[in-house]
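Note: the block below is entry-v5.txt and it holds compact mmCIF, C-alpha atoms and all ligand atoms.
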# COMPACT_ATOMS: atom_id res chain seq x y z
CA MET A 30 6.44 -14.78 -24.02
CA LYS A 31 3.68 -12.38 -24.95
CA TYR A 32 3.11 -11.70 -21.25
CA VAL A 33 6.76 -10.73 -20.78
CA ASN A 34 6.55 -8.30 -23.68
CA ILE A 35 3.52 -6.60 -22.18
CA ILE A 36 5.32 -6.10 -18.87
CA LEU A 37 8.39 -4.64 -20.62
CA LEU A 38 6.23 -2.25 -22.63
CA PHE A 39 4.54 -1.08 -19.46
CA CYS A 40 7.90 -0.37 -17.81
CA ILE A 41 9.10 1.68 -20.78
CA ILE A 42 5.93 3.76 -20.84
CA ASN A 43 6.17 4.27 -17.12
CA ASN A 44 9.71 5.63 -17.38
CA VAL A 45 8.81 7.97 -20.22
CA ASN A 46 6.26 9.61 -17.94
CA ALA A 47 8.75 9.96 -15.09
CA LYS A 48 10.07 13.46 -14.54
CA ASP A 49 13.32 14.87 -13.23
CA HIS A 50 13.12 17.45 -10.44
CA TYR A 51 16.01 19.60 -9.28
CA ILE A 52 16.62 20.75 -5.71
CA ASN A 53 19.51 23.14 -5.27
CA ILE A 54 21.35 23.63 -2.00
CA ILE A 55 21.86 27.36 -1.68
CA GLY A 56 22.95 28.98 1.56
CA MET A 57 21.60 26.74 4.32
CA LYS A 58 18.48 25.76 2.41
CA PHE A 59 17.05 23.13 0.11
CA ILE A 60 15.26 24.95 -2.69
CA ASP A 61 12.49 24.06 -2.90
CA LYS A 62 12.07 22.91 0.67
CA ILE A 63 8.85 21.00 -0.08
CA ILE A 64 8.33 19.21 -3.37
CA LYS A 65 5.45 17.13 -4.71
CA ILE A 66 6.29 14.47 -7.28
CA HIS A 67 4.86 11.30 -8.77
CA VAL A 68 5.95 7.69 -8.34
CA ASN A 69 9.00 6.92 -10.52
CA ASP A 70 10.10 10.55 -10.66
CA ILE A 71 13.71 11.42 -9.98
CA ILE A 72 15.05 14.12 -7.69
CA ILE A 73 18.54 15.50 -8.20
CA TRP A 74 20.04 17.49 -5.32
CA THR A 75 23.01 19.70 -6.17
CA ASN A 76 25.21 21.53 -3.73
CA LYS A 77 25.78 25.11 -4.95
CA THR A 78 27.68 26.27 -1.88
CA ASN A 79 31.28 26.04 -0.68
CA GLN A 80 30.25 24.07 2.41
CA LEU A 81 29.66 20.34 2.76
CA HIS A 82 26.02 19.27 2.95
CA ASN A 83 24.20 15.96 2.81
CA VAL A 84 20.71 14.54 2.44
CA VAL A 85 19.63 12.28 5.32
CA PHE A 86 16.16 10.74 5.43
CA GLU A 87 14.34 10.34 8.73
CA HIS A 88 12.80 6.93 8.06
CA GLN A 89 14.45 5.55 4.94
CA ASP A 90 17.93 4.29 4.27
CA LEU A 91 18.57 6.54 1.26
CA ASP A 92 21.21 8.89 2.64
CA SER A 93 23.68 10.74 0.44
CA PRO A 94 27.38 11.07 1.12
CA PHE A 95 28.65 14.56 1.91
CA LEU A 96 28.32 16.69 -1.19
CA LYS A 97 30.99 19.20 -2.18
CA ASN A 98 30.30 22.27 -4.29
CA GLY A 99 28.95 21.02 -7.63
CA ASP A 100 28.26 17.46 -6.45
CA SER A 101 24.84 15.94 -7.09
CA PHE A 102 22.82 13.14 -5.51
CA THR A 103 19.96 11.39 -7.27
CA ILE A 104 17.08 9.22 -6.07
CA ARG A 105 14.20 7.68 -8.00
CA PHE A 106 11.14 7.42 -5.75
CA ILE A 107 9.29 4.19 -6.44
CA SER A 108 6.74 4.31 -3.59
CA THR A 109 4.15 6.84 -2.53
CA GLY A 110 4.63 8.53 0.81
CA VAL A 111 6.05 11.49 2.67
CA TYR A 112 9.83 11.55 2.94
CA ASN A 113 11.26 14.00 5.46
CA TYR A 114 14.96 14.70 5.22
CA TYR A 115 17.60 17.04 6.55
CA CYS A 116 21.24 18.00 6.26
CA LEU A 117 23.05 16.42 9.20
CA PRO A 118 25.46 19.30 10.03
CA HIS A 119 22.82 22.00 9.60
CA LYS A 120 19.58 20.40 10.79
CA ASN A 121 19.54 22.67 13.84
CA MET A 122 19.78 25.67 11.52
CA GLY A 123 16.56 24.60 9.81
CA MET A 124 18.11 22.85 6.85
CA ILE A 125 15.27 20.40 6.30
CA GLY A 126 13.12 19.30 3.40
CA LYS A 127 10.15 17.18 2.45
CA VAL A 128 9.35 15.05 -0.59
CA ILE A 129 5.71 14.11 -1.13
CA VAL A 130 5.34 11.25 -3.59
CA GLU A 131 1.83 10.77 -4.97
CU CU B 201 23.97 21.52 5.21
Hey, can you dump this file as structure tokens for me?
Ligand SMILES: [Cu+2]
Amino acid sequence: MKYVNIILLFCIINNVNAKDHYINIIGMKFIDKIIKIHVNDIIIWTNKTNQLHNVVFEHQDLDSPFLKNGDSFTIRFISTGVYNYYCLPHKNMGMIGKVIVE
């Protein structure tokens, strides 16, 4: 029982240290395009345009639905790595981004 309590305490402390990061979709860009975060941090993408955009990862199955103006999409990153993503309709216009999780 003591062991279980120690694990729970560790999880709570871990989440307290986690940070929220905001990426806004403005024009045809993710701002910021490249972001460095820590394990357990959260990223919240918000579409601030009148066009539909989405967030599609190259190598992970974490894709968002299409986001309307004002819609948000949130992911908590639980593993280190480099996560490249793009907006499917606007990839060819350079609408790409990168999350580096340390
Ligand atoms: Cu887009």
Item to check | ligand CU 201 (chain B) neighbours within 10 Å using only C-alpha atoms and all ligand atoms, as JSON, numbers by chain | outcome: {"A": [54, 55, 56, 57, 58, 59, 76, 78, 80, 81, 82, 83, 84, 95, 96, 115, 116, 117, 118, 119, 120, 121, 122, 123, 124, 125]}
Next on the checklist: I need the residue nearest A:Ile72 from this list: A:Ile60, A:Leu91, A:Val85, A:Ile104. Use only C-alpha atoms for the distance.
Outcome noted: A:Ile104
Checklist outcome for this item: The residue from A:Asn113, A:Ile71, A:Asp49, A:Lys65 with the smallest atom-to-atom distance to A:Asp92, counting all atoms listed in the file, is A:Asn113
Checklist entry - Any idea what's packed within 8 Å of A:Ile73, counting only C-alpha atoms, ignoring anything in its chain fewer than 2 positions away? Could you give it as JSON, numbers by chain? => result {"A": [49, 50, 51, 52, 71, 75, 101, 102, 103, 104]}
Next on the checklist: So the first atom is atom CA of A:Glu131 and the second is atom CA of A:Lys77; what is the distance between them in Å, to one decimal place?
Outcome noted: 27.9 Å
Next on the checklist: One decimal, in Å: what's the spacing between atom CA of A:Ile66 and atom CA of A:Lys48?
Outcome noted: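 One can read the atom CA of A:Ile66 to atom CA of A:Lys48 distance as 8.2 Å.
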Checklist entry - Could you work out how far atom CA of A:Asp90 lies from atom CA of A:Gly110, giving the answer in Å with one decimal? => result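 About the pair atom CA of A:Gly110 and atom CA of A:Asp90: they are 14.4 Å apart.
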Item to check | Contacts of A:Phe106 at 7 Å (only C-alpha atoms; same-chain gap of 5+ positions) as a ChimeraX atom specification | outcome: /A:68-71
Next on the checklist: With distances taken over all atoms listed in the file, which residue among A:Lys62, A:Lys127, A:His67, A:His88 lies nearest A:Asn46?
Outcome noted: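 Answer, going by the shortest atom-to-atom distance: A:His67.
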